[in-house]
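Chemist: Next up, input-v7.txt (compact mmCIF, C-alpha atoms).
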# COMPACT_ATOMS: atom_id res chain seq x y z
CA MET A 1 46.21 6.93 19.06
CA LYS A 2 45.02 9.68 16.84
CA ILE A 3 43.54 7.11 14.42
CA THR A 4 41.72 5.35 17.21
CA ARG A 5 40.17 8.63 18.28
CA THR A 6 39.14 9.70 14.81
CA VAL A 7 37.76 6.26 13.99
CA PHE A 8 35.67 6.46 17.13
CA VAL A 9 34.43 9.91 16.17
CA SER A 10 33.73 8.74 12.59
CA LEU A 11 31.78 5.78 13.90
CA ALA A 12 29.82 8.03 16.19
CA PHE A 13 28.96 10.33 13.28
CA GLY A 14 28.10 7.33 11.12
CA LEU A 15 25.71 5.94 13.71
CA LEU A 16 24.20 9.37 14.18
CA LEU A 17 23.59 9.84 10.46
CA THR A 18 22.34 6.28 9.93
CA GLY A 19 20.32 6.53 13.10
CA THR A 20 18.25 9.42 11.82
CA ALA A 21 17.19 7.29 8.84
CA GLN A 22 16.05 4.29 10.91
CA ALA A 23 12.85 4.09 12.87
CA ALA A 24 13.11 2.24 16.13
CA GLU A 25 9.37 2.22 16.57
CA GLN A 26 6.25 2.97 14.51
CA LYS A 27 2.71 3.26 15.80
CA PHE A 28 -0.32 2.90 13.53
CA THR A 29 -4.04 3.28 14.11
CA VAL A 30 -6.31 1.24 11.84
CA VAL A 31 -10.04 1.97 11.99
CA ILE A 32 -12.42 -0.74 10.76
CA ASN A 33 -15.57 0.75 9.24
CA ALA A 34 -18.63 -0.94 7.68
CA TYR A 35 -20.24 0.77 4.68
CA ASP A 36 -23.77 -0.17 3.60
CA THR A 37 -24.78 1.53 0.35
CA THR A 38 -28.03 1.23 -1.58
CA ILE A 39 -28.71 3.53 -4.54
CA PRO A 40 -31.89 2.71 -6.57
CA GLU A 41 -31.22 5.63 -8.89
CA LEU A 42 -29.00 8.68 -8.57
CA ASN A 43 -28.36 11.62 -10.85
CA VAL A 44 -25.15 13.55 -10.15
CA GLU A 45 -23.87 16.28 -12.48
CA GLY A 46 -25.95 14.87 -15.32
CA VAL A 47 -24.73 11.30 -14.84
CA THR A 48 -27.22 8.62 -13.80
CA VAL A 49 -26.27 5.44 -11.95
CA LYS A 50 -28.76 2.93 -10.61
CA ASN A 51 -29.25 -0.45 -8.96
CA ILE A 52 -26.18 -0.08 -6.78
CA ARG A 53 -26.07 -2.32 -3.74
CA ALA A 54 -22.80 -2.68 -1.89
CA PHE A 55 -21.87 -3.78 1.61
CA ASN A 56 -18.21 -3.64 2.57
CA VAL A 57 -15.99 -3.46 5.61
CA LEU A 58 -12.72 -1.56 5.17
CA ASN A 59 -9.52 -1.17 7.19
CA GLU A 60 -8.47 2.48 7.11
CA PRO A 61 -5.66 2.87 6.29
CA GLU A 62 -5.46 -0.37 4.35
CA ALA A 63 -1.68 -0.54 3.68
CA LEU A 64 1.07 -0.28 6.32
CA VAL A 65 4.79 0.02 5.52
CA VAL A 66 7.81 -0.17 7.84
CA LYS A 67 11.53 -0.81 7.61
CA LYS A 68 12.80 -4.20 8.70
CA GLY A 69 13.70 -4.13 12.36
CA THR A 70 11.02 -1.64 13.38
CA SER A 71 8.99 -2.28 16.53
CA VAL A 72 5.42 -2.02 15.27
CA LYS A 73 2.37 -1.22 17.39
CA ILE A 74 -1.02 -1.30 15.68
CA THR A 75 -4.09 0.00 17.49
CA ILE A 76 -7.23 -1.40 15.85
CA GLU A 77 -10.53 0.39 16.44
CA ASN A 78 -13.58 -1.56 15.33
CA LYS A 79 -16.36 0.85 14.35
CA SER A 80 -18.31 -1.86 12.50
CA PRO A 81 -21.58 -2.89 14.25
CA ILE A 82 -20.34 -6.52 14.51
CA SER A 83 -17.11 -8.34 15.46
CA GLU A 84 -14.29 -8.10 12.91
CA GLY A 85 -11.06 -10.05 12.43
CA PHE A 86 -7.50 -8.78 11.96
CA SER A 87 -4.91 -11.36 10.91
CA ILE A 88 -1.33 -11.24 9.63
CA ASP A 89 -0.33 -14.89 9.25
CA ALA A 90 3.46 -14.42 8.89
CA TYR A 91 3.54 -12.58 12.22
CA LYS A 92 1.12 -15.01 13.93
CA ILE A 93 -1.43 -12.24 14.51
CA GLN A 94 -5.08 -13.29 14.66
CA GLU A 95 -7.37 -11.03 16.61
CA VAL A 96 -11.13 -10.70 16.93
CA ILE A 97 -12.25 -7.18 17.88
CA LYS A 98 -15.83 -6.79 19.08
CA ALA A 99 -18.09 -3.98 17.86
CA GLY A 100 -17.02 -0.67 19.36
CA GLU A 101 -13.87 -2.10 20.93
CA THR A 102 -10.15 -1.42 20.45
CA LYS A 103 -7.22 -3.86 20.53
CA THR A 104 -3.49 -3.34 20.20
CA VAL A 105 -1.01 -5.73 18.59
CA SER A 106 2.76 -5.33 18.87
CA PHE A 107 5.55 -7.12 17.04
CA LYS A 108 9.09 -6.73 15.77
CA ALA A 109 9.04 -6.46 11.96
CA ASP A 110 11.96 -8.85 11.44
CA LYS A 111 10.68 -10.70 8.34
CA PRO A 112 10.96 -8.66 5.11
CA GLY A 113 8.27 -8.97 2.45
CA ALA A 114 4.62 -8.20 1.74
CA PHE A 115 1.94 -9.76 3.90
CA THR A 116 -1.86 -9.76 3.68
CA ILE A 117 -3.84 -8.21 6.51
CA TRP A 118 -7.14 -10.06 6.37
CA CYS A 119 -10.32 -10.72 8.30
CA GLN A 120 -10.60 -14.38 9.25
CA LEU A 121 -14.34 -14.02 9.98
CA HIS A 122 -15.84 -12.77 6.71
CA PRO A 123 -15.49 -13.15 2.92
CA GLN A 124 -12.48 -11.22 1.56
CA ASN A 125 -14.59 -9.39 -1.05
CA ILE A 126 -16.87 -8.08 1.71
CA HIS A 127 -14.17 -7.15 4.26
CA LEU A 128 -11.39 -6.14 1.86
CA PRO A 129 -7.86 -7.18 2.84
CA GLY A 130 -5.00 -4.77 3.47
CA SER A 131 -1.27 -5.30 3.44
CA LEU A 132 1.84 -4.97 5.60
CA ASN A 133 5.13 -4.35 3.81
CA VAL A 134 8.38 -4.82 5.73
CA VAL A 135 11.13 -3.26 3.59
CA ASP A 136 14.67 -4.64 3.87
CA MET B 1 48.98 10.81 5.40
CA LYS B 2 47.09 10.53 8.59
CA ILE B 3 44.09 12.19 6.97
CA THR B 4 44.18 9.81 4.00
CA ARG B 5 44.12 6.83 6.34
CA THR B 6 41.32 8.13 8.49
CA VAL B 7 39.28 9.13 5.45
CA PHE B 8 39.65 5.58 4.15
CA VAL B 9 38.53 4.15 7.47
CA SER B 10 35.62 6.59 7.62
CA LEU B 11 34.56 5.60 4.13
CA ALA B 12 34.77 1.92 5.03
CA PHE B 13 32.56 2.48 8.08
CA GLY B 14 30.18 4.56 6.01
CA LEU B 15 29.80 1.84 3.38
CA LEU B 16 29.33 -0.79 6.08
CA LEU B 17 26.60 1.20 7.79
CA THR B 18 24.86 2.18 4.56
CA GLY B 19 25.24 -1.33 3.17
CA THR B 20 23.28 -2.97 5.94
CA ALA B 21 20.28 -0.82 5.01
CA GLN B 22 20.07 -1.92 1.35
CA ALA B 23 18.34 -5.03 0.04
CA ALA B 24 19.84 -6.67 -2.99
CA GLU B 25 16.87 -8.95 -3.64
CA GLN B 26 13.25 -9.35 -2.59
CA LYS B 27 10.92 -12.26 -3.36
CA PHE B 28 7.14 -11.96 -3.17
CA THR B 29 4.31 -14.44 -3.58
CA VAL B 30 0.99 -13.02 -4.78
CA VAL B 31 -2.04 -15.33 -4.72
CA ILE B 32 -4.99 -14.46 -6.97
CA ASN B 33 -8.28 -15.56 -5.44
CA ALA B 34 -11.87 -15.24 -6.72
CA TYR B 35 -14.60 -14.55 -4.16
CA ASP B 36 -18.25 -15.14 -5.04
CA THR B 37 -20.62 -13.94 -2.32
CA THR B 38 -24.42 -14.02 -2.26
CA ILE B 39 -26.28 -13.14 0.93
CA PRO B 40 -30.11 -12.84 0.61
CA GLU B 41 -30.44 -12.06 4.32
CA LEU B 42 -28.03 -12.51 7.21
CA ASN B 43 -28.33 -11.75 10.89
CA VAL B 44 -25.04 -11.48 12.80
CA GLU B 45 -24.87 -10.30 16.40
CA GLY B 46 -28.26 -8.64 16.04
CA VAL B 47 -27.35 -6.81 12.84
CA THR B 48 -29.21 -7.69 9.63
CA VAL B 49 -27.79 -7.21 6.14
CA LYS B 50 -29.49 -8.39 2.98
CA ASN B 51 -29.42 -8.46 -0.81
CA ILE B 52 -25.64 -8.67 -0.98
CA ARG B 53 -24.23 -9.91 -4.26
CA ALA B 54 -20.53 -9.47 -4.87
CA PHE B 55 -18.06 -11.15 -7.18
CA ASN B 56 -14.44 -10.06 -6.95
CA VAL B 57 -10.97 -11.27 -7.75
CA LEU B 58 -8.20 -10.10 -5.41
CA ASN B 59 -4.40 -10.15 -5.45
CA GLU B 60 -3.15 -11.12 -1.99
CA PRO B 61 -1.15 -9.24 -0.91
CA GLU B 62 -2.31 -6.29 -2.96
CA ALA B 63 0.53 -3.82 -2.30
CA LEU B 64 4.26 -4.50 -2.80
CA VAL B 65 7.04 -2.14 -1.66
CA VAL B 66 10.79 -2.26 -2.39
CA LYS B 67 13.74 0.09 -2.34
CA LYS B 68 15.02 1.38 -5.66
CA GLY B 69 17.70 -0.93 -7.02
CA THR B 70 16.20 -4.13 -5.58
CA SER B 71 16.04 -7.26 -7.75
CA VAL B 72 12.38 -8.23 -7.49
CA LYS B 73 10.97 -11.70 -8.10
CA ILE B 74 7.18 -12.11 -7.92
CA THR B 75 5.64 -15.57 -7.95
CA ILE B 76 1.97 -15.34 -8.96
CA GLU B 77 -0.33 -18.24 -8.07
CA ASN B 78 -3.71 -18.13 -9.79
CA LYS B 79 -6.31 -19.84 -7.58
CA SER B 80 -9.22 -18.29 -9.53
CA PRO B 81 -11.21 -20.82 -11.64
CA ILE B 82 -10.40 -18.84 -14.82
CA SER B 83 -7.37 -17.11 -16.40
CA GLU B 84 -6.25 -13.89 -14.73
CA GLY B 85 -3.96 -11.04 -15.82
CA PHE B 86 -1.05 -9.43 -13.99
CA SER B 87 0.33 -6.21 -15.49
CA ILE B 88 2.73 -3.48 -14.35
CA ASP B 89 3.01 -1.13 -17.34
CA ALA B 90 6.09 0.86 -16.24
CA TYR B 91 8.08 -2.38 -15.97
CA LYS B 92 6.64 -3.85 -19.19
CA ILE B 93 5.05 -6.75 -17.33
CA GLN B 94 1.91 -8.27 -18.84
CA GLU B 95 1.21 -11.87 -17.95
CA VAL B 96 -1.79 -14.16 -18.31
CA ILE B 97 -1.87 -16.94 -15.71
CA LYS B 98 -4.25 -19.82 -16.36
CA ALA B 99 -6.49 -21.26 -13.64
CA GLY B 100 -4.46 -23.27 -11.15
CA GLU B 101 -1.12 -22.24 -12.66
CA THR B 102 1.86 -20.28 -11.33
CA LYS B 103 4.12 -17.80 -13.12
CA THR B 104 7.18 -15.87 -12.00
CA VAL B 105 8.20 -12.39 -13.12
CA SER B 106 11.61 -10.85 -12.35
CA PHE B 107 12.85 -7.29 -12.79
CA LYS B 108 15.24 -4.72 -11.40
CA ALA B 109 13.28 -2.00 -9.58
CA ASP B 110 15.22 0.88 -11.09
CA LYS B 111 12.33 3.34 -11.63
CA PRO B 112 11.13 5.02 -8.41
CA GLY B 113 7.44 5.77 -7.97
CA ALA B 114 4.05 4.12 -7.47
CA PHE B 115 2.72 1.81 -10.17
CA THR B 116 -0.63 0.07 -10.60
CA ILE B 117 -0.69 -3.73 -10.68
CA TRP B 118 -3.77 -4.51 -12.75
CA CYS B 119 -5.54 -7.29 -14.60
CA GLN B 120 -5.68 -6.57 -18.33
CA LEU B 121 -8.45 -9.19 -18.82
CA HIS B 122 -11.26 -8.02 -16.54
CA PRO B 123 -12.95 -4.83 -15.24
CA GLN B 124 -10.89 -3.11 -12.53
CA ASN B 125 -13.83 -3.03 -10.09
CA ILE B 126 -14.21 -6.81 -10.40
CA HIS B 127 -10.50 -7.75 -10.25
CA LEU B 128 -9.28 -4.98 -7.95
CA PRO B 129 -5.88 -3.46 -8.79
CA GLY B 130 -2.86 -3.55 -6.49
CA SER B 131 0.25 -1.38 -6.42
CA LEU B 132 4.02 -1.55 -6.57
CA ASN B 133 5.98 1.18 -4.81
CA VAL B 134 9.67 1.61 -5.59
CA VAL B 135 11.08 3.94 -2.92
CA ASP B 136 14.07 6.10 -3.76
CA MET C 1 43.49 20.44 14.77
CA LYS C 2 43.93 17.17 12.96
CA ILE C 3 40.83 15.80 14.64
CA THR C 4 38.77 18.78 13.59
CA ARG C 5 39.79 18.28 9.96
CA THR C 6 39.17 14.54 9.90
CA VAL C 7 35.85 14.95 11.67
CA PHE C 8 34.84 17.44 9.01
CA VAL C 9 35.89 15.03 6.24
CA SER C 10 34.09 12.13 7.96
CA LEU C 11 30.96 14.21 8.26
CA ALA C 12 31.16 15.16 4.59
CA PHE C 13 31.48 11.49 3.59
CA GLY C 14 28.69 10.56 5.95
CA LEU C 15 26.37 13.12 4.42
CA LEU C 16 27.38 12.02 0.93
CA LEU C 17 26.65 8.37 1.68
CA THR C 18 23.44 9.09 3.54
CA GLY C 19 22.44 11.53 0.82
CA THR C 20 22.46 8.90 -1.89
CA ALA C 21 19.91 6.89 0.06
CA GLN C 22 17.44 9.76 0.52
CA ALA C 23 15.00 11.07 -2.03
CA ALA C 24 14.68 14.82 -2.07
CA GLU C 25 11.57 14.75 -4.21
CA GLN C 26 9.01 12.25 -5.50
CA LYS C 27 6.34 12.88 -8.11
CA PHE C 28 3.25 10.68 -8.45
CA THR C 29 0.37 10.63 -10.88
CA VAL C 30 -2.92 9.22 -9.58
CA VAL C 31 -5.70 8.64 -12.11
CA ILE C 32 -9.27 8.44 -10.80
CA ASN C 33 -11.40 6.10 -12.89
CA ALA C 34 -15.06 5.10 -12.56
CA TYR C 35 -16.01 1.50 -13.39
CA ASP C 36 -19.63 0.57 -14.06
CA THR C 37 -20.10 -3.19 -14.47
CA THR C 38 -23.31 -5.11 -15.11
CA ILE C 39 -23.15 -8.83 -15.94
CA PRO C 40 -26.54 -10.62 -16.10
CA GLU C 41 -24.83 -13.92 -16.98
CA LEU C 42 -21.35 -14.68 -18.22
CA ASN C 43 -19.64 -17.93 -19.14
CA VAL C 44 -15.84 -17.79 -19.22
CA GLU C 45 -13.70 -20.90 -19.65
CA GLY C 46 -16.60 -23.08 -18.48
CA VAL C 47 -17.27 -21.00 -15.37
CA THR C 48 -20.60 -19.16 -15.08
CA VAL C 49 -21.14 -16.05 -12.98
CA LYS C 50 -24.35 -14.03 -12.98
CA ASN C 51 -26.23 -11.14 -11.41
CA ILE C 52 -23.12 -9.01 -11.01
CA ARG C 53 -23.74 -5.32 -10.54
CA ALA C 54 -20.85 -3.16 -9.38
CA PHE C 55 -20.14 0.55 -9.56
CA ASN C 56 -16.82 1.74 -8.20
CA VAL C 57 -14.40 4.62 -8.45
CA LEU C 58 -10.73 3.76 -7.99
CA ASN C 59 -7.52 5.74 -7.48
CA GLU C 60 -4.79 4.21 -9.63
CA PRO C 61 -2.32 3.61 -8.13
CA GLU C 62 -4.05 3.28 -4.79
CA ALA C 63 -1.03 3.18 -2.44
CA LEU C 64 1.80 5.74 -2.31
CA VAL C 65 4.99 5.29 -0.28
CA VAL C 66 7.79 7.79 0.45
CA LYS C 67 10.59 8.25 2.94
CA LYS C 68 10.11 10.82 5.68
CA GLY C 69 11.43 14.18 4.53
CA THR C 70 10.55 13.73 0.85
CA SER C 71 8.96 16.61 -1.03
CA VAL C 72 5.87 14.97 -2.55
CA LYS C 73 3.98 16.21 -5.59
CA ILE C 74 0.83 14.32 -6.57
CA THR C 75 -0.87 15.06 -9.88
CA ILE C 76 -4.48 13.84 -9.76
CA GLU C 77 -6.29 13.26 -13.05
CA ASN C 78 -10.03 12.78 -12.72
CA LYS C 79 -11.30 10.54 -15.53
CA SER C 80 -14.59 9.85 -13.74
CA PRO C 81 -17.65 11.50 -15.39
CA ILE C 82 -18.39 13.44 -12.17
CA SER C 83 -16.43 15.42 -9.54
CA GLU C 84 -14.28 13.34 -7.20
CA GLY C 85 -12.59 14.08 -3.87
CA PHE C 86 -9.00 13.51 -2.77
CA SER C 87 -8.24 13.94 0.93
CA ILE C 88 -5.34 13.13 3.25
CA ASP C 89 -6.39 14.50 6.64
CA ALA C 90 -2.98 14.39 8.37
CA TYR C 91 -1.50 16.59 5.66
CA LYS C 92 -4.55 18.91 5.50
CA ILE C 93 -5.24 17.95 1.88
CA GLN C 94 -8.85 18.13 0.72
CA GLU C 95 -9.38 18.67 -2.97
CA VAL C 96 -12.36 18.40 -5.30
CA ILE C 97 -11.40 17.61 -8.89
CA LYS C 98 -14.06 18.14 -11.54
CA ALA C 99 -14.72 15.59 -14.30
CA GLY C 100 -11.92 15.63 -16.85
CA GLU C 101 -9.75 17.99 -14.82
CA THR C 102 -6.33 17.67 -13.20
CA LYS C 103 -5.05 19.11 -9.90
CA THR C 104 -1.67 18.99 -8.23
CA VAL C 105 -1.01 18.83 -4.48
CA SER C 106 2.44 19.33 -2.95
CA PHE C 107 3.64 18.76 0.59
CA LYS C 108 6.68 17.83 2.66
CA ALA C 109 6.23 14.31 4.04
CA ASP C 110 7.41 15.19 7.54
CA LYS C 111 4.95 13.06 9.55
CA PRO C 112 5.77 9.34 9.54
CA GLY C 113 2.96 6.80 9.52
CA ALA C 114 0.15 5.41 7.36
CA PHE C 115 -2.62 7.74 6.24
CA THR C 116 -5.88 7.11 4.38
CA ILE C 117 -6.38 8.78 1.00
CA TRP C 118 -10.13 9.11 0.74
CA CYS C 119 -12.88 10.77 -1.22
CA GLN C 120 -14.86 13.18 0.95
CA LEU C 121 -17.75 13.26 -1.56
CA HIS C 122 -18.84 9.63 -1.89
CA PRO C 123 -19.28 6.44 0.18
CA GLN C 124 -15.93 4.71 0.88
CA ASN C 125 -17.16 1.37 -0.49
CA ILE C 126 -18.05 3.04 -3.80
CA HIS C 127 -14.92 5.21 -4.18
CA LEU C 128 -12.40 2.92 -2.49
CA PRO C 129 -9.78 4.61 -0.29
CA GLY C 130 -6.04 4.46 -0.90
CA SER C 131 -3.14 5.06 1.45
CA LEU C 132 -0.03 7.18 1.89
CA ASN C 133 2.84 5.68 3.87
CA VAL C 134 5.62 7.94 5.11
CA VAL C 135 8.43 5.67 6.26
CA ASP C 136 10.79 6.90 8.98
Now that the file is in, can you turn its structure into structure tokens?
Modeler:
Amino acid sequence: MKITRTVFVSLAFGLLLTGTAQAAEQKFTVVINAYDTTIPELNVEGVTVKNIRAFNVLNEPEALVVKKGTSVKITIENKSPISEGFSIDAYKIQEVIKAGETKTVSFKADKPGAFTIWCQLHPQNIHLPGSLNVVD
Amino acid sequence: MKITRTVFVSLAFGLLLTGTAQAAEQKFTVVINAYDTTIPELNVEGVTVKNIRAFNVLNEPEALVVKKGTSVKITIENKSPISEGFSIDAYKIQEVIKAGETKTVSFKADKPGAFTIWCQLHPQNIHLPGSLNVVD
Amino acid sequence: MKITRTVFVSLAFGLLLTGTAQAAEQKFTVVINAYDTTIPELNVEGVTVKNIRAFNVLNEPEALVVKKGTSVKITIENKSPISEGFSIDAYKIQEVIKAGETKTVSFKADKPGAFTIWCQLHPQNIHLPGSLNVVD
């Protein structure tokens, strides 16, 4: 009788302690921004750089990390002037977000590993990929 | 006596609960891709960009995360048309993977911290670095 | 009485077991490097690339991951020839590190989520952003 009670109490404490270390749910906001940079010649602090031409779209933040089992909700805000893609193949996510719009994707992070977050619409070296890590 | 028994049971529950949260092993696949992009002028959804020239090699996924103590196995597939490097200095990893080939590296993630995954053959702003995080 | 004692012992074991899985402190070193690449024409292993011009500043490593509750200390070494910025808005971090100098930022990672590490001085597609993940 006494053992049953103490085991129950121990279990309760165990769940409590373990529970504080596990996230049931994690929300992220990823902002997609386009950066268009042209620098014919620039002198900064005595250093000269020139002939720089770069156009890139970035997901900010780029890398997302959760524990396995977490319910993930990602709100994607597209601040690029054109439509952008947001895909995570392993989780069957493939969204197109129009310029100025916001979409939300939700999933249970039940597959451990590292997965590429990529834009299915544009070259990967223009819209740089991010990553999702689900840690076991 | 009673205390000894209940302590044993508590410990067993504790190990069980803690145990479910630890990964013994994690496998990753990283694909190395080269992207060669030239856009003299492009109009998309009413937005014009021009004079874009970018050549980059990317590791996909770029960021890997494991718990400390995990046995890590990374399979690296080189889909670039030339040899590419894959180095993680803190874990004494330095591989060259020929075009179209695949190599596997294995190690015990016993050092916590964040480590750069980089190509020892090419400039870092052409073959962009990734990262390995070992979480304590 | 007996229950009180066993509960206390259970709690002690629980804390012990949970304690081993939690990092009290994590130190990182992030090196900021500038890469200036110009390739008029290059033939490597029978593959020709040309007209490559890229200037980028990178944080190495780019992605940092800790458990919620960790005391984080980041040492930032600026090896770029000019001043560089290091900002994490959610943790009210906004530093300028002069060329050749080193700064250290410390904070308690008490807000879970993914946060952009960005340079407040330069375009994001020139000095590429990193990320901080605080895992609950």
Chemist: Rank B:Gly69, B:Gly130, B:Pro61, B:Gly46 by their smallest atom-to-atom distance to Ile88 in chain A, using all atoms listed in the file, and report the top residue only.
Modeler: B:Pro61
Chemist: Output chain C as a compact mmCIF listing (two decimals) with C-alpha atoms, keeping the file's coordinate frame, after least-squares fitting it to chain A on all in-order C-alpha pairs.
Modeler:
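result-v5.txt was written with the following content:
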# COMPACT_ATOMS: atom_id res chain seq x y z
CA MET C 1 46.50 4.37 18.63
CA LYS C 2 45.47 7.33 16.55
CA ILE C 3 43.67 5.04 14.14
CA THR C 4 41.76 3.37 16.93
CA ARG C 5 40.53 6.75 18.18
CA THR C 6 39.53 8.08 14.77
CA VAL C 7 37.82 4.82 13.88
CA PHE C 8 35.82 5.10 17.08
CA VAL C 9 34.86 8.70 16.27
CA SER C 10 33.98 7.75 12.67
CA LEU C 11 31.82 4.93 13.92
CA ALA C 12 30.07 7.25 16.36
CA PHE C 13 29.33 9.74 13.56
CA GLY C 14 28.22 6.93 11.30
CA LEU C 15 25.78 5.65 13.88
CA LEU C 16 24.55 9.18 14.54
CA LEU C 17 23.91 9.84 10.85
CA THR C 18 22.38 6.44 10.21
CA GLY C 19 20.35 6.78 13.39
CA THR C 20 18.55 9.88 12.20
CA ALA C 21 17.28 7.97 9.19
CA GLN C 22 15.85 5.05 11.18
CA ALA C 23 12.59 4.98 13.06
CA ALA C 24 12.76 3.20 16.37
CA GLU C 25 9.00 3.07 16.74
CA GLN C 26 5.88 3.69 14.67
CA LYS C 27 2.31 3.83 15.93
CA PHE C 28 -0.70 3.35 13.64
CA THR C 29 -4.42 3.54 14.19
CA VAL C 30 -6.59 1.43 11.88
CA VAL C 31 -10.35 1.98 12.01
CA ILE C 32 -12.59 -0.81 10.73
CA ASN C 33 -15.79 0.54 9.21
CA ALA C 34 -18.74 -1.25 7.61
CA TYR C 35 -20.43 0.39 4.61
CA ASP C 36 -23.89 -0.69 3.51
CA THR C 37 -24.97 0.98 0.26
CA THR C 38 -28.20 0.52 -1.67
CA ILE C 39 -28.98 2.83 -4.61
CA PRO C 40 -32.08 1.87 -6.66
CA GLU C 41 -31.56 4.87 -8.97
CA LEU C 42 -29.47 7.99 -8.59
CA ASN C 43 -28.97 10.99 -10.83
CA VAL C 44 -25.86 13.06 -10.09
CA GLU C 45 -24.71 15.88 -12.36
CA GLY C 46 -26.72 14.41 -15.24
CA VAL C 47 -25.30 10.91 -14.81
CA THR C 48 -27.67 8.09 -13.80
CA VAL C 49 -26.57 4.94 -12.01
CA LYS C 50 -28.97 2.31 -10.69
CA ASN C 51 -29.30 -1.10 -9.07
CA ILE C 52 -26.26 -0.61 -6.87
CA ARG C 53 -26.06 -2.89 -3.87
CA ALA C 54 -22.77 -3.09 -1.99
CA PHE C 55 -21.83 -4.19 1.50
CA ASN C 56 -18.20 -3.87 2.49
CA VAL C 57 -15.99 -3.63 5.54
CA LEU C 58 -12.81 -1.59 5.14
CA ASN C 59 -9.64 -1.07 7.18
CA GLU C 60 -8.77 2.63 7.14
CA PRO C 61 -5.97 3.16 6.35
CA GLU C 62 -5.60 -0.03 4.37
CA ALA C 63 -1.82 -0.03 3.74
CA LEU C 64 0.90 0.30 6.40
CA VAL C 65 4.60 0.78 5.63
CA VAL C 66 7.61 0.70 7.97
CA LYS C 67 11.35 0.24 7.75
CA LYS C 68 12.78 -3.11 8.81
CA GLY C 69 13.65 -3.03 12.50
CA THR C 70 10.83 -0.67 13.52
CA SER C 71 8.84 -1.44 16.65
CA VAL C 72 5.25 -1.32 15.36
CA LYS C 73 2.16 -0.71 17.47
CA ILE C 74 -1.21 -0.90 15.72
CA THR C 75 -4.35 0.22 17.53
CA ILE C 76 -7.41 -1.30 15.84
CA GLU C 77 -10.79 0.33 16.44
CA ASN C 78 -13.75 -1.74 15.30
CA LYS C 79 -16.62 0.56 14.30
CA SER C 80 -18.43 -2.22 12.42
CA PRO C 81 -21.66 -3.42 14.13
CA ILE C 82 -20.26 -6.97 14.38
CA SER C 83 -16.95 -8.65 15.33
CA GLU C 84 -14.14 -8.25 12.80
CA GLY C 85 -10.81 -10.04 12.31
CA PHE C 86 -7.31 -8.63 11.88
CA SER C 87 -4.59 -11.05 10.81
CA ILE C 88 -1.02 -10.79 9.54
CA ASP C 89 0.16 -14.38 9.16
CA ALA C 90 3.91 -13.72 8.85
CA TYR C 91 3.90 -11.93 12.19
CA LYS C 92 1.58 -14.48 13.86
CA ILE C 93 -1.10 -11.85 14.44
CA GLN C 94 -4.70 -13.06 14.54
CA GLU C 95 -7.11 -10.94 16.51
CA VAL C 96 -10.89 -10.77 16.80
CA ILE C 97 -12.17 -7.33 17.77
CA LYS C 98 -15.77 -7.11 18.97
CA ALA C 99 -18.15 -4.38 17.76
CA GLY C 100 -17.24 -1.05 19.31
CA GLU C 101 -14.04 -2.35 20.89
CA THR C 102 -10.37 -1.51 20.43
CA LYS C 103 -7.31 -3.80 20.51
CA THR C 104 -3.62 -3.11 20.21
CA VAL C 105 -1.02 -5.37 18.57
CA SER C 106 2.73 -4.80 18.90
CA PHE C 107 5.61 -6.44 17.07
CA LYS C 108 9.14 -5.86 15.82
CA ALA C 109 9.10 -5.56 12.03
CA ASP C 110 12.12 -7.81 11.50
CA LYS C 111 10.94 -9.67 8.37
CA PRO C 112 11.16 -7.60 5.18
CA GLY C 113 8.52 -8.01 2.50
CA ALA C 114 4.84 -7.38 1.74
CA PHE C 115 2.22 -9.10 3.88
CA THR C 116 -1.57 -9.27 3.61
CA ILE C 117 -3.65 -7.85 6.46
CA TRP C 118 -6.84 -9.85 6.29
CA CYS C 119 -9.99 -10.66 8.18
CA GLN C 120 -10.13 -14.34 9.11
CA LEU C 121 -13.89 -14.15 9.80
CA HIS C 122 -15.41 -12.93 6.54
CA PRO C 123 -15.02 -13.27 2.75
CA GLN C 124 -12.09 -11.19 1.42
CA ASN C 125 -14.26 -9.43 -1.17
CA ILE C 126 -16.62 -8.26 1.59
CA HIS C 127 -13.99 -7.23 4.17
CA LEU C 128 -11.25 -6.07 1.79
CA PRO C 129 -7.67 -6.96 2.77
CA GLY C 130 -4.94 -4.42 3.46
CA SER C 131 -1.18 -4.79 3.44
CA LEU C 132 1.89 -4.33 5.62
CA ASN C 133 5.16 -3.53 3.88
CA VAL C 134 8.42 -3.89 5.79
CA VAL C 135 11.09 -2.20 3.71
CA ASP C 136 14.69 -3.40 4.01
Chemist: Any chance you could tabulate, as CSV, the residues of chain A at most 6 Å from chain B with each one's nearest atom pair and distance in Å to one decimal, using all atoms listed in the file, in chain and rising number order?
Modeler:
residue,atom,partner,partner_atom,distance
A:Ser10,CA,B:Ser10,CA,5.7
A:Ala114,CA,B:Leu64,CA,5.9
A:Phe115,CA,B:Pro61,CA,5.7
A:Thr116,CA,B:Pro61,CA,4.7
A:Asn125,CA,B:Asn56,CA,5.9
A:Ser131,CA,B:Pro61,CA,5.9
A:Asp136,CA,B:Ala23,CA,5.3
Chemist: Which residues, written as a list in words, have at least one atom at most 6 Å from range 75-79 of chain C, with all atoms listed in the file counted and residues fewer than 6 positions away on the same chain left out?
Modeler: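 Contacts, in chain order: Thr29, Val30, Val31, Ile32, Asn33, Ala99, Gly100, Glu101, Thr102, Lys103 and Thr104 of chain C.
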Chemist: Can you tell me how far CA of Phe107 in chain A sits from CA of Lys111 in chain C, in Å to one decimal?
Modeler: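 Answer for the CA of Phe107 in chain A to CA of Lys111 in chain C separation: 21.5 Å.
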Chemist: The residues within 6 Å of (-10.0, -10.1, 9.5), using all atoms listed in the file and the coordinates of the file, should be reported as a list in words; which are they?
Modeler: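 Result, sorted by chain then residue number: Glu84, Gly85, Phe86, Ser87, Trp118, Cys119, Gln120 and Leu121 of chain A.
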